[in-house]
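File shown here: coords_7.cif, holding mmCIF, C-alpha atoms.
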data_structure
#
loop_
_atom_site.group_PDB
_atom_site.id
_atom_site.type_symbol
_atom_site.label_atom_id
_atom_site.label_comp_id
_atom_site.auth_asym_id
_atom_site.auth_seq_id
_atom_site.Cartn_x
_atom_site.Cartn_y
_atom_site.Cartn_z
ATOM 1 C CA MET A 1 -94.073 29.523 -37.969
ATOM 2 C CA SER A 2 -94.900 26.398 -36.217
ATOM 3 C CA GLN A 3 -94.048 26.280 -32.587
ATOM 4 C CA TYR A 4 -92.241 23.047 -33.216
ATOM 5 C CA THR A 5 -89.791 24.553 -35.662
ATOM 6 C CA GLN A 6 -86.227 24.393 -34.263
ATOM 7 C CA PRO A 7 -84.143 27.553 -34.486
ATOM 8 C CA GLN A 8 -81.230 27.306 -36.824
ATOM 9 C CA GLN A 9 -77.842 26.780 -35.141
ATOM 10 C CA PRO A 10 -75.003 29.109 -36.157
ATOM 11 C CA GLN A 11 -72.571 27.400 -38.433
ATOM 12 C CA GLN A 12 -69.039 26.803 -37.082
ATOM 13 C CA PRO A 13 -66.257 28.385 -39.138
ATOM 14 C CA TYR A 14 -64.069 25.876 -40.903
ATOM 15 C CA ALA A 15 -60.268 26.168 -40.947
ATOM 16 C CA PRO A 16 -58.921 26.553 -44.410
ATOM 17 C CA ALA A 17 -57.672 23.304 -45.773
ATOM 18 C CA GLN A 18 -53.875 22.957 -45.929
ATOM 19 C CA ALA A 19 -52.519 23.303 -49.377
ATOM 20 C CA PRO A 20 -51.625 19.914 -50.769
ATOM 21 C CA GLY A 21 -47.893 19.092 -50.738
ATOM 22 C CA THR A 22 -46.963 21.609 -47.989
ATOM 23 C CA ARG A 23 -44.801 20.223 -45.142
ATOM 24 C CA PRO A 24 -43.485 21.864 -41.925
ATOM 25 C CA ALA A 25 -39.904 23.145 -42.051
ATOM 26 C CA ARG A 26 -37.305 20.605 -40.868
ATOM 27 C CA ASN A 27 -34.582 22.811 -39.352
ATOM 28 C CA GLY A 28 -33.133 20.312 -36.838
ATOM 29 C CA LEU A 29 -30.017 19.452 -38.838
ATOM 30 C CA GLY A 30 -29.013 23.082 -39.262
ATOM 31 C CA ILE A 31 -29.461 23.886 -35.567
ATOM 32 C CA ALA A 32 -27.499 20.771 -34.533
ATOM 33 C CA ALA A 33 -24.707 21.662 -36.978
ATOM 34 C CA LEU A 34 -24.496 25.194 -35.544
ATOM 35 C CA VAL A 35 -24.362 23.997 -31.922
ATOM 36 C CA LEU A 36 -21.768 21.306 -32.596
ATOM 37 C CA GLY A 37 -19.734 23.677 -34.735
ATOM 38 C CA ILE A 38 -19.574 26.256 -31.934
ATOM 39 C CA ILE A 39 -18.561 23.671 -29.332
ATOM 40 C CA GLY A 40 -16.001 22.153 -31.699
ATOM 41 C CA THR A 41 -14.434 25.526 -32.493
ATOM 42 C CA VAL A 42 -14.117 26.393 -28.812
ATOM 43 C CA SER A 43 -12.600 22.950 -28.109
ATOM 44 C CA GLY A 44 -10.054 23.498 -30.862
ATOM 45 C CA LEU A 45 -8.775 26.590 -29.045
ATOM 46 C CA ILE A 46 -8.113 24.612 -25.838
ATOM 47 C CA PRO A 47 -4.799 22.692 -25.645
ATOM 48 C CA PHE A 48 -5.092 18.882 -25.711
ATOM 49 C CA PHE A 49 -8.778 19.064 -26.757
ATOM 50 C CA PHE A 50 -7.983 18.789 -30.480
ATOM 51 C CA TRP A 51 -9.511 15.302 -30.560
ATOM 52 C CA LEU A 52 -12.895 16.612 -29.377
ATOM 53 C CA ALA A 53 -12.761 19.443 -31.910
ATOM 54 C CA GLY A 54 -12.097 16.923 -34.681
ATOM 55 C CA ILE A 55 -15.026 14.686 -33.750
ATOM 56 C CA LEU A 56 -17.543 17.507 -33.292
ATOM 57 C CA GLY A 57 -16.282 19.351 -36.364
ATOM 58 C CA LEU A 58 -16.739 16.314 -38.586
ATOM 59 C CA ILE A 59 -20.287 15.736 -37.309
ATOM 60 C CA ALA A 60 -21.158 19.427 -37.674
ATOM 61 C CA LEU A 61 -19.866 19.485 -41.241
ATOM 62 C CA ILE A 62 -21.906 16.415 -42.210
ATOM 63 C CA LEU A 63 -25.083 17.743 -40.574
ATOM 64 C CA GLY A 64 -24.545 21.171 -42.118
ATOM 65 C CA LEU A 65 -24.218 19.778 -45.614
ATOM 66 C CA ALA A 66 -27.299 17.605 -45.089
ATOM 67 C CA GLY A 67 -29.226 20.640 -43.808
ATOM 68 C CA ARG A 68 -28.237 22.681 -46.856
ATOM 69 C CA GLY A 69 -29.606 19.913 -49.021
ATOM 70 C CA ARG A 70 -32.945 20.162 -47.201
ATOM 71 C CA ALA A 71 -32.951 23.938 -47.628
ATOM 72 C CA LYS A 72 -32.363 23.643 -51.364
ATOM 73 C CA ARG A 73 -35.262 21.215 -51.662
ATOM 74 C CA GLY A 74 -37.502 23.575 -49.716
ATOM 75 C CA GLU A 75 -37.772 21.241 -46.719
ATOM 76 C CA ALA A 76 -35.995 23.676 -44.361
ATOM 77 C CA THR A 77 -35.985 27.453 -43.925
ATOM 78 C CA ASN A 78 -32.698 27.996 -42.064
ATOM 79 C CA LYS A 79 -30.229 27.937 -44.904
ATOM 80 C CA GLY A 80 -28.043 30.634 -43.303
ATOM 81 C CA VAL A 81 -27.837 28.831 -39.950
ATOM 82 C CA THR A 82 -27.056 25.549 -41.672
ATOM 83 C CA THR A 83 -24.321 27.119 -43.788
ATOM 84 C CA PHE A 84 -22.769 28.789 -40.745
ATOM 85 C CA GLY A 85 -22.824 25.458 -38.852
ATOM 86 C CA ALA A 86 -21.054 23.707 -41.733
ATOM 87 C CA VAL A 87 -18.411 26.459 -41.859
ATOM 88 C CA LEU A 88 -17.815 26.166 -38.114
ATOM 89 C CA GLY A 89 -17.478 22.398 -38.522
ATOM 90 C CA LEU A 90 -14.781 22.933 -41.142
ATOM 91 C CA VAL A 91 -13.014 25.437 -38.860
ATOM 92 C CA SER A 92 -13.131 22.881 -36.025
ATOM 93 C CA LEU A 93 -11.468 20.285 -38.246
ATOM 94 C CA ILE A 94 -8.688 22.717 -39.170
ATOM 95 C CA LEU A 95 -8.114 23.639 -35.513
ATOM 96 C CA SER A 96 -8.070 19.937 -34.650
ATOM 97 C CA VAL A 97 -5.283 19.257 -37.137
ATOM 98 C CA VAL A 98 -3.262 22.258 -35.929
ATOM 99 C CA GLY A 99 -3.763 21.264 -32.291
ATOM 100 C CA ALA A 100 -2.682 17.677 -32.983
ATOM 101 C CA VAL A 101 0.512 18.844 -34.694
ATOM 102 C CA LEU A 102 1.376 21.251 -31.853
ATOM 103 C CA THR A 103 0.592 18.653 -29.170
ATOM 104 C CA PHE A 104 2.664 15.909 -30.762
ATOM 105 C CA LYS A 105 5.546 18.331 -31.255
ATOM 106 C CA ALA A 106 5.376 19.410 -27.601
ATOM 107 C CA VAL A 107 5.345 15.789 -26.421
ATOM 108 C CA ASP A 108 8.274 14.982 -28.704
ATOM 109 C CA ASP A 109 10.242 17.920 -27.283
ATOM 110 C CA VAL A 110 9.555 16.747 -23.721
ATOM 111 C CA VAL A 111 10.648 13.188 -24.543
ATOM 112 C CA THR A 112 13.806 14.527 -26.189
ATOM 113 C CA ASP A 113 14.617 16.633 -23.137
ATOM 114 C CA ILE A 114 14.067 13.645 -20.824
ATOM 115 C CA ASN A 115 16.288 11.414 -22.950
ATOM 116 C CA LYS A 116 18.938 14.097 -23.019
ATOM 117 C CA ALA A 117 18.774 14.485 -19.257
ATOM 118 C CA VAL A 118 19.113 10.717 -18.781
ATOM 119 C CA GLU A 119 22.061 10.564 -21.145
ATOM 120 C CA ASP A 120 23.742 13.469 -19.374
ATOM 121 C CA SER A 121 23.477 11.605 -16.051
ATOM 122 C CA SER A 122 25.624 8.679 -17.197
ATOM 123 C CA ALA A 123 28.949 8.207 -15.472
ATOM 124 C CA SER A 124 32.426 7.577 -16.866
ATOM 125 C CA ALA A 125 35.126 5.648 -15.054
ATOM 126 C CA LYS A 126 37.844 7.624 -13.332
ATOM 127 C CA PRO A 127 40.675 5.305 -12.235
ATOM 128 C CA ALA A 128 42.322 5.638 -8.877
ATOM 129 C CA ALA A 129 45.404 7.821 -8.571
ATOM 130 C CA GLY A 130 48.436 6.050 -9.990
ATOM 131 C CA GLY A 131 46.347 3.897 -12.367
ATOM 132 C CA GLY A 132 45.798 1.098 -9.865
ATOM 133 C CA ALA A 133 43.213 0.086 -7.334
ATOM 134 C CA ALA A 134 43.775 1.191 -3.809
ATOM 135 C CA GLY A 135 46.140 -1.029 -1.940
ATOM 136 C CA ASP A 136 46.264 -4.180 -4.097
ATOM 137 C CA GLY A 137 48.302 -3.145 -7.140
ATOM 138 C CA THR A 138 45.725 -4.278 -9.682
ATOM 139 C CA ALA A 139 44.872 -2.102 -12.639
ATOM 140 C CA GLY A 140 41.973 0.225 -12.249
ATOM 141 C CA GLY A 141 39.364 1.129 -14.865
ATOM 142 C CA THR A 142 40.112 3.320 -17.845
ATOM 143 C CA GLU A 143 38.048 6.146 -19.223
ATOM 144 C CA GLY A 144 34.682 5.045 -20.649
ATOM 145 C CA LYS A 145 31.120 4.362 -19.581
ATOM 146 C CA ASP A 146 31.391 0.559 -19.862
ATOM 147 C CA ASP A 147 34.666 0.130 -17.965
ATOM 148 C CA ILE A 148 34.753 -1.947 -14.803
ATOM 149 C CA LEU A 149 35.168 0.072 -11.649
ATOM 150 C CA ARG A 150 37.344 -1.379 -8.907
ATOM 151 C CA GLN A 151 38.244 -0.358 -5.375
ATOM 152 C CA GLY A 152 39.517 3.195 -5.327
ATOM 153 C CA ASP A 153 38.054 4.092 -8.740
ATOM 154 C CA SER A 154 35.528 6.881 -9.131
ATOM 155 C CA ALA A 155 32.377 7.215 -11.198
ATOM 156 C CA ALA A 156 32.466 10.743 -12.621
ATOM 157 C CA TYR A 157 29.117 12.208 -13.741
ATOM 158 C CA ASP A 158 28.728 15.028 -16.244
ATOM 159 C CA ASP A 159 27.275 17.411 -13.680
ATOM 160 C CA GLY A 160 30.414 17.223 -11.528
ATOM 161 C CA LEU A 161 29.319 14.506 -9.114
ATOM 162 C CA GLU A 162 31.978 11.896 -8.299
ATOM 163 C CA ILE A 163 31.469 8.695 -6.326
ATOM 164 C CA THR A 164 34.348 6.581 -5.038
ATOM 165 C CA VAL A 165 34.138 3.143 -3.421
ATOM 166 C CA ASN A 166 37.190 2.069 -1.431
ATOM 167 C CA ALA A 167 38.527 -1.418 -0.811
ATOM 168 C CA PRO A 168 36.456 -3.649 1.487
ATOM 169 C CA ALA A 169 37.678 -4.391 4.981
ATOM 170 C CA PRO A 170 36.751 -7.262 7.330
ATOM 171 C CA TYR A 171 34.218 -6.301 9.961
ATOM 172 C CA THR A 172 33.058 -7.869 13.200
ATOM 173 C CA ALA A 173 29.370 -7.242 13.761
ATOM 174 C CA ASP A 174 28.171 -7.013 17.341
ATOM 175 C CA GLU A 175 25.791 -9.538 18.832
ATOM 176 C CA PHE A 176 22.771 -7.312 18.298
ATOM 177 C CA ALA A 177 23.505 -6.627 14.625
ATOM 178 C CA ILE A 178 20.696 -6.887 12.079
ATOM 179 C CA GLY A 179 21.422 -8.503 8.723
ATOM 180 C CA HIS A 180 24.365 -10.681 9.759
ATOM 181 C CA THR A 181 24.066 -14.467 9.511
ATOM 182 C CA LYS A 182 26.188 -16.668 11.726
ATOM 183 C CA GLY A 183 28.889 -18.375 9.686
ATOM 184 C CA ASN A 184 29.017 -15.629 7.051
ATOM 185 C CA SER A 185 31.682 -12.967 6.749
ATOM 186 C CA ALA A 186 31.040 -9.281 7.286
ATOM 187 C CA TRP A 187 32.766 -6.599 5.221
ATOM 188 C CA THR A 188 32.699 -2.807 5.375
ATOM 189 C CA VAL A 189 32.933 -0.530 2.378
ATOM 190 C CA ALA A 190 33.516 3.223 2.515
ATOM 191 C CA VAL A 191 31.637 5.254 -0.099
ATOM 192 C CA VAL A 192 32.770 8.816 -0.795
ATOM 193 C CA ILE A 193 30.634 11.361 -2.663
ATOM 194 C CA GLU A 194 32.299 14.560 -3.857
ATOM 195 C CA ASN A 195 30.293 17.401 -5.352
ATOM 196 C CA LYS A 196 32.389 19.191 -7.981
ATOM 197 C CA GLY A 197 29.346 20.732 -9.637
ATOM 198 C CA LYS A 198 27.616 24.061 -9.146
ATOM 199 C CA GLU A 199 24.437 22.827 -7.447
ATOM 200 C CA LYS A 200 24.020 21.254 -4.026
ATOM 201 C CA PHE A 201 23.446 17.513 -3.999
ATOM 202 C CA ASP A 202 20.786 15.752 -1.909
ATOM 203 C CA ALA A 203 22.561 12.714 -0.421
ATOM 204 C CA ALA A 204 19.432 11.357 1.265
ATOM 205 C CA LEU A 205 18.371 9.623 -1.982
ATOM 206 C CA VAL A 206 21.601 7.660 -2.409
ATOM 207 C CA SER A 207 21.143 3.877 -2.478
ATOM 208 C CA VAL A 208 23.946 1.362 -1.892
ATOM 209 C CA ASP A 209 23.448 -2.373 -2.542
ATOM 210 C CA ALA A 210 25.793 -5.334 -2.882
ATOM 211 C CA ARG A 211 26.027 -8.874 -4.271
ATOM 212 C CA ALA A 212 28.626 -11.425 -3.252
ATOM 213 C CA GLY A 213 30.396 -14.400 -4.823
ATOM 214 C CA ALA A 214 30.428 -15.821 -8.326
ATOM 215 C CA ASP A 215 26.682 -16.485 -8.161
ATOM 216 C CA GLY A 216 25.917 -12.891 -7.243
ATOM 217 C CA VAL A 217 23.826 -13.701 -4.178
ATOM 218 C CA ASN A 218 22.315 -10.762 -2.359
ATOM 219 C CA ALA A 219 24.675 -9.405 0.305
ATOM 220 C CA GLU A 220 22.375 -8.160 3.017
ATOM 221 C CA GLN A 221 23.271 -4.840 4.593
ATOM 222 C CA ILE A 222 24.260 -5.010 8.252
ATOM 223 C CA PHE A 223 22.893 -2.579 10.799
ATOM 224 C CA ASP A 224 24.355 -2.189 14.271
ATOM 225 C CA GLY A 225 25.523 0.612 16.523
ATOM 226 C CA LYS A 226 28.490 1.483 14.270
ATOM 227 C CA VAL A 227 27.340 1.090 10.653
ATOM 228 C CA GLY A 228 24.128 1.247 8.692
ATOM 229 C CA GLU A 229 23.111 4.889 8.918
ATOM 230 C CA GLY A 230 24.094 5.689 5.314
ATOM 231 C CA PHE A 231 24.020 9.149 3.778
ATOM 232 C CA SER A 232 21.858 12.074 4.853
ATOM 233 C CA GLY A 233 21.613 15.812 4.268
ATOM 234 C CA THR A 234 23.033 17.735 1.310
ATOM 235 C CA VAL A 235 26.504 18.147 -0.139
ATOM 236 C CA LEU A 236 27.419 21.705 -1.098
ATOM 237 C CA PRO A 237 29.532 22.445 -4.199
ATOM 238 C CA GLY A 238 33.199 21.736 -3.518
ATOM 239 C CA LYS A 239 32.434 19.488 -0.541
ATOM 240 C CA LYS A 240 32.488 15.723 0.003
ATOM 241 C CA ILE A 241 30.749 13.255 2.298
ATOM 242 C CA THR A 242 31.667 9.719 3.382
ATOM 243 C CA ALA A 243 29.514 6.887 4.692
ATOM 244 C CA LYS A 244 30.488 3.354 5.731
ATOM 245 C CA TYR A 245 28.332 0.362 4.802
ATOM 246 C CA ALA A 246 28.626 -3.203 6.057
ATOM 247 C CA PHE A 247 27.496 -6.244 4.069
ATOM 248 C CA ASP A 248 26.988 -9.910 4.924
ATOM 249 C CA ALA A 249 28.652 -12.298 2.437
ATOM 250 C CA PRO A 250 29.141 -16.065 2.289
ATOM 251 C CA ALA A 251 32.392 -17.154 3.924
ATOM 252 C CA ASP A 252 33.789 -18.480 0.630
ATOM 253 C CA ALA A 253 32.929 -15.388 -1.435
ATOM 254 C CA LYS A 254 35.914 -13.956 -3.289
ATOM 255 C CA ASN A 255 34.360 -10.780 -4.636
ATOM 256 C CA LEU A 256 31.769 -8.176 -3.736
ATOM 257 C CA THR A 257 29.822 -6.174 -6.344
ATOM 258 C CA VAL A 258 28.726 -2.829 -4.919
ATOM 259 C CA GLU A 259 26.140 -0.712 -6.760
ATOM 260 C CA VAL A 260 25.656 2.940 -5.877
ATOM 261 C CA GLY A 261 22.694 4.916 -7.198
ATOM 262 C CA PRO A 262 22.979 8.684 -6.584
ATOM 263 C CA GLY A 263 19.249 9.268 -7.165
ATOM 264 C CA PHE A 264 16.485 9.255 -9.754
ATOM 265 C CA GLU A 265 18.322 11.553 -12.179
ATOM 266 C CA TRP A 266 21.556 9.557 -12.291
ATOM 267 C CA ASP A 267 22.490 6.118 -13.564
ATOM 268 C CA ALA A 268 23.719 3.693 -10.940
ATOM 269 C CA SER A 269 27.372 2.602 -11.085
ATOM 270 C CA GLN A 270 28.943 -0.704 -10.025
ATOM 271 C CA TRP A 271 32.261 -1.612 -8.479
ATOM 272 C CA GLU A 272 33.887 -5.084 -8.537
ATOM 273 C CA LEU A 273 35.735 -5.476 -5.255
ATOM 274 C CA LYS A 274 38.058 -8.323 -4.248
ATOM 275 C CA LEU A 275 37.553 -9.835 -0.802
#

Whole structure given in C-alpha cells:
Amino acid sequence: MSQYTQPQQPQQPYAPAQAPGTRPARNGLGIAALVLGIIGTVSGLIPFFFWLAGILGLIALILGLAGRGRAKRGEATNKGVTTFGAVLGLVSLILSVVGAVLTFKAVDDVVTDINKAVEDSSASAKPAAGGGAAGDGTAGGTEGKDDILRQGDSAAYDDGLEITVNAPAPYTADEFAIGHTKGNSAWTVAVVIENKGKEKFDAALVSVDARAGADGVNAEQIFDGKVGEGFSGTVLPGKKITAKYAFDAPADAKNLTVEVGPGFEWDASQWELKL
C-alpha cells in the first residue's frame, strides 16, 4: 500500500427516511376542549357564574367536535380526550341554562318581595276624632290612600305606625333664630308619632318638610333655643312621641303643606294646613 493512501473514514449512519404522508399528531384542540370543559363545568356549579359556564361550554363543545374530526381523519391521537372535552362542554351549557333560570327566578322573587314591602308601607288617611279637623270645623280626610290629610288627621300605616300633624300656630322666633327671614311669618306645627305595631320604631330617621302658599315655595325650618331639635331615639310598641317644628312662610301665605317621611321603608304623607 502506498504511503500516500488515505485511510477510509467510517461511514455515518443515516436516519431512516420518514414515510411519505406521515404527519405529527395534532392534539391541541382536544386538550383545549378538555380544559375549557372542566372550567366551564365548575363555573356552572357556582351561583351567578352561569354566564361563564355558557361561554366556556360552547367553546369547549366546538373545539371538541373539531378535535374528533381530526381524530377520525388520523390527524390526532387523543380521540378519548377530545370526546370527553366535548361532553364536558355540553354539560357546561346545560348547567348554564339551569343556573340562568334559577338566578332570574331568585332576582324576580327579591323584586317581588321589595315591591310588596313598599306597598305594605303605604299609609291610609285616618280623620280626626269627630270627622273634622282640629279646631276649625272643616271636614277631615276620609279613608283611602289618596285622601287629603288636614290638621288633626292621621296617616295610618299597615304596620301600626300612625302619624298626626296638628293645626299650625303662630310663633315668634328669637333674635338668634336660624331660618327666619324678617318680614315673613313663623308657624309651629306639632307632629305626633304613635307606635301601635309590635316592633320598636326608630324616630331618628323621620324627616319633616314644608311648603307655603299657593306657589308652594319652600318653607325653611326655623332653629332656635325652643324648636328645631326634631325626633330622636326609638318609640316602643304602644308608646307615642311628639316633636314641634317651626317653619318660615311668606306673610301672605294662606296654607302650609307639611310632608312627613317616617323613614326609608315608609311612604311620606302630606298634610294641607290652613294658616

Original post:
Which distance in Å separates CA of Lys226 in chain A and CA of Thr172 in chain A, to one decimal?
Top reply: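 Interatomic distance here is 10.5 Å.
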
**OP:** Please evaluate the PyMOL selection byres ((chain A and resi 270) around 8) against the structure above and give the resulting residues as a PyMOL selection string.
**Re:** chain A and resi 148-149+257-260+268-269+271-272

**OP:** Report as JSON, numbers by chain the residues that result from applying the PyMOL selection byres ((chain A and resi 253) around 8) to the structure here.
**Re:** {"A": [212, 213, 214, 249, 250, 251, 252, 254, 255, 256, 275]}

Residues of range 32-59 of chain A that have any atom at most 9 Å from an atom of range 96-120 of chain A: could you tabulate them with the shortest-distance atom pair and the distance in Å to one decimal, using only C-alpha atoms, ordered by chain and increasing number, as a Markdown table?
| residue | atom | partner | partner_atom | distance |
| --- | --- | --- | --- | --- |
| A:Gly40 | CA | A:Ser96 | CA | 8.7 |
| A:Thr41 | CA | A:Ser96 | CA | 8.7 |
| A:Ser43 | CA | A:Ser96 | CA | 8.5 |
| A:Gly44 | CA | A:Ser96 | CA | 5.6 |
| A:Leu45 | CA | A:Gly99 | CA | 8.0 |
| A:Ile46 | CA | A:Gly99 | CA | 8.5 |
| A:Pro47 | CA | A:Gly99 | CA | 6.9 |
| A:Phe48 | CA | A:Thr103 | CA | 6.7 |
| A:Phe49 | CA | A:Gly99 | CA | 7.8 |
| A:Phe50 | CA | A:Ser96 | CA | 4.3 |
| A:Trp51 | CA | A:Ser96 | CA | 6.3 |
| A:Leu52 | CA | A:Ser96 | CA | 7.9 |
| A:Ala53 | CA | A:Ser96 | CA | 5.5 |
| A:Gly54 | CA | A:Ser96 | CA | 5.0 |
| A:Ile55 | CA | A:Ser96 | CA | 8.8 |
| A:Gly57 | CA | A:Ser96 | CA | 8.4 |

Subject >> Straight-line distance linking CA of Gly80 in chain A with CA of Ala33 in chain A, stated in Å to one decimal >> reply: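 Answer for the CA of Gly80 in chain A to CA of Ala33 in chain A separation: 11.5 Å.
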
Please provide as a PDB file with C-alpha atoms, in the coordinates of the input all residues within 9 Å of range 59-63 of chain A, with the sequence filter that same-chain residues fewer than 3 positions apart are discarded (counting all atoms listed in the file).
ATOM      1  CA  LEU A  29     -30.017  19.452 -38.838  1.00  0.00           C
ATOM      2  CA  GLY A  30     -29.013  23.082 -39.262  1.00  0.00           C
ATOM      3  CA  ALA A  32     -27.499  20.771 -34.533  1.00  0.00           C
ATOM      4  CA  ALA A  33     -24.707  21.662 -36.978  1.00  0.00           C
ATOM      5  CA  LEU A  34     -24.496  25.194 -35.544  1.00  0.00           C
ATOM      6  CA  VAL A  35     -24.362  23.997 -31.922  1.00  0.00           C
ATOM      7  CA  LEU A  36     -21.768  21.306 -32.596  1.00  0.00           C
ATOM      8  CA  GLY A  37     -19.734  23.677 -34.735  1.00  0.00           C
ATOM      9  CA  GLY A  40     -16.001  22.153 -31.699  1.00  0.00           C
ATOM     10  CA  GLY A  54     -12.097  16.923 -34.681  1.00  0.00           C
ATOM     11  CA  ILE A  55     -15.026  14.686 -33.750  1.00  0.00           C
ATOM     12  CA  LEU A  56     -17.543  17.507 -33.292  1.00  0.00           C
ATOM     13  CA  ALA A  66     -27.299  17.605 -45.089  1.00  0.00           C
ATOM     14  CA  GLY A  67     -29.226  20.640 -43.808  1.00  0.00           C
ATOM     15  CA  ARG A  68     -28.237  22.681 -46.856  1.00  0.00           C
ATOM     16  CA  THR A  82     -27.056  25.549 -41.672  1.00  0.00           C
ATOM     17  CA  GLY A  85     -22.824  25.458 -38.852  1.00  0.00           C
ATOM     18  CA  ALA A  86     -21.054  23.707 -41.733  1.00  0.00           C
ATOM     19  CA  VAL A  87     -18.411  26.459 -41.859  1.00  0.00           C
ATOM     20  CA  LEU A  88     -17.815  26.166 -38.114  1.00  0.00           C
ATOM     21  CA  GLY A  89     -17.478  22.398 -38.522  1.00  0.00           C
ATOM     22  CA  LEU A  90     -14.781  22.933 -41.142  1.00  0.00           C
ATOM     23  CA  SER A  92     -13.131  22.881 -36.025  1.00  0.00           C
ATOM     24  CA  LEU A  93     -11.468  20.285 -38.246  1.00  0.00           C
TER      25      LEU A  93
END

**OP:** Please identify all polymer residues within 10 Å of Leu205 in chain A, counting only C-alpha atoms, omitting same-chain residues fewer than 2 positions from it, and present them as a ChimeraX atom specification.
**Re:** /A:201-203,207-208,231-234,261-264

**OP:** Point out the residue among A:Asp158, A:Asp267, A:Glu220, A:Asp153 with the least atom-to-atom distance to Phe247 in chain A, counting all atoms listed in the file.
**Re:** A:Glu220

**OP:** Can you work out which one of A:Lys198, A:Asp159, A:Asn27, A:Ile39 has the shortest atom-to-atom distance to Gly69 in chain A, counting only C-alpha atoms?
**Re:** A:Asn27

Subject >> Distance of CA of Glu199 in chain A from CA of Leu236 in chain A, expressed in Å to one decimal place >> reply: 7.1 Å

Original post:
Which of these residues is nearest to Asn166 in chain A, using all atoms listed in the file: A:Lys274, A:Lys79, A:Arg211, A:Arg73?
Top reply: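 For Asn166 in chain A, the nearest of the given residues is A:Lys274.
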
**OP:** For range 162-165 of chain A, please output as number ranges by chain all residues within 7 Å (counting all atoms listed in the file; exclusion window: fewer than 2 positions along the same chain).
**Re:** A: 151-157, 160, 167, 189-195

Subject >> Picked residues, the PyMOL selection byres ((chain A and resi 246) around 8), expected as JSON, numbers by chain >> reply: {"A": [171, 186, 187, 188, 189, 221, 222, 223, 227, 228, 244, 245, 247, 248]}

Find the smallest box with edges along x, y and z containing every listed atom of range 34-47 of chain A, then add 3 Å on each side and report centre and edge lengths in Å to one decimal, as JSON.
{"center_x": -14.6, "center_y": 23.9, "center_z": -30.6, "size_x": 25.7, "size_y": 11.3, "size_z": 15.9}

Subject >> Given only C-alpha atoms as the counted atoms, nearest of A:Val235, A:Pro24, A:Pro127, A:Ile31 to Gly74 in chain A >> reply: A:Pro24

Subject >> Selected residue of minimal separation from Val42 in chain A among A:Leu65, A:Val91, A:Ala219, A:Ala204, counting all atoms listed in the file >> reply: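 Between A:Leu65, A:Val91, A:Ala219, A:Ala204, the residue approaching Val42 in chain A most closely is A:Val91.
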
Subject >> Surrounding residues of Gly225 in chain A excluding itself and chain neighbours under 5 positions, 10 Å, only C-alpha atoms, as a ChimeraX atom specification >> reply: /A:173-174,176-178

How would range 96-100 of chain A look with all heavy atoms restored, written as an mmCIF file, in the frame of the given file?
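Written out: selection.cif:
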data_model
loop_
_atom_site.group_PDB
_atom_site.id
_atom_site.type_symbol
_atom_site.label_atom_id
_atom_site.label_comp_id
_atom_site.auth_asym_id
_atom_site.auth_seq_id
_atom_site.Cartn_x
_atom_site.Cartn_y
_atom_site.Cartn_z
ATOM 1 N N SER A 96 -8.430 21.252 -35.171
ATOM 2 C CA SER A 96 -8.070 19.937 -34.650
ATOM 3 C C SER A 96 -6.735 19.472 -35.214
ATOM 4 O O SER A 96 -5.884 18.956 -34.479
ATOM 5 C CB SER A 96 -9.163 18.930 -34.985
ATOM 6 O OG SER A 96 -8.784 17.631 -34.605
ATOM 7 N N VAL A 97 -6.545 19.656 -36.516
ATOM 8 C CA VAL A 97 -5.283 19.257 -37.137
ATOM 9 C C VAL A 97 -4.123 20.076 -36.586
ATOM 10 O O VAL A 97 -3.058 19.542 -36.239
ATOM 11 C CB VAL A 97 -5.376 19.394 -38.669
ATOM 12 C CG1 VAL A 97 -4.017 19.129 -39.311
ATOM 13 C CG2 VAL A 97 -6.426 18.442 -39.230
ATOM 14 N N VAL A 98 -4.318 21.391 -36.467
ATOM 15 C CA VAL A 98 -3.262 22.258 -35.929
ATOM 16 C C VAL A 98 -2.942 21.883 -34.483
ATOM 17 O O VAL A 98 -1.775 21.791 -34.083
ATOM 18 C CB VAL A 98 -3.692 23.733 -36.020
ATOM 19 C CG1 VAL A 98 -2.661 24.637 -35.341
ATOM 20 C CG2 VAL A 98 -3.860 24.139 -37.486
ATOM 21 N N GLY A 99 -3.980 21.639 -33.677
ATOM 22 C CA GLY A 99 -3.763 21.264 -32.291
ATOM 23 C C GLY A 99 -3.033 19.944 -32.159
ATOM 24 O O GLY A 99 -2.179 19.778 -31.284
ATOM 25 N N ALA A 100 -3.363 18.975 -33.034
ATOM 26 C CA ALA A 100 -2.682 17.677 -32.983
ATOM 27 C C ALA A 100 -1.204 17.826 -33.302
ATOM 28 O O ALA A 100 -0.343 17.242 -32.632
ATOM 29 C CB ALA A 100 -3.344 16.708 -33.959
#
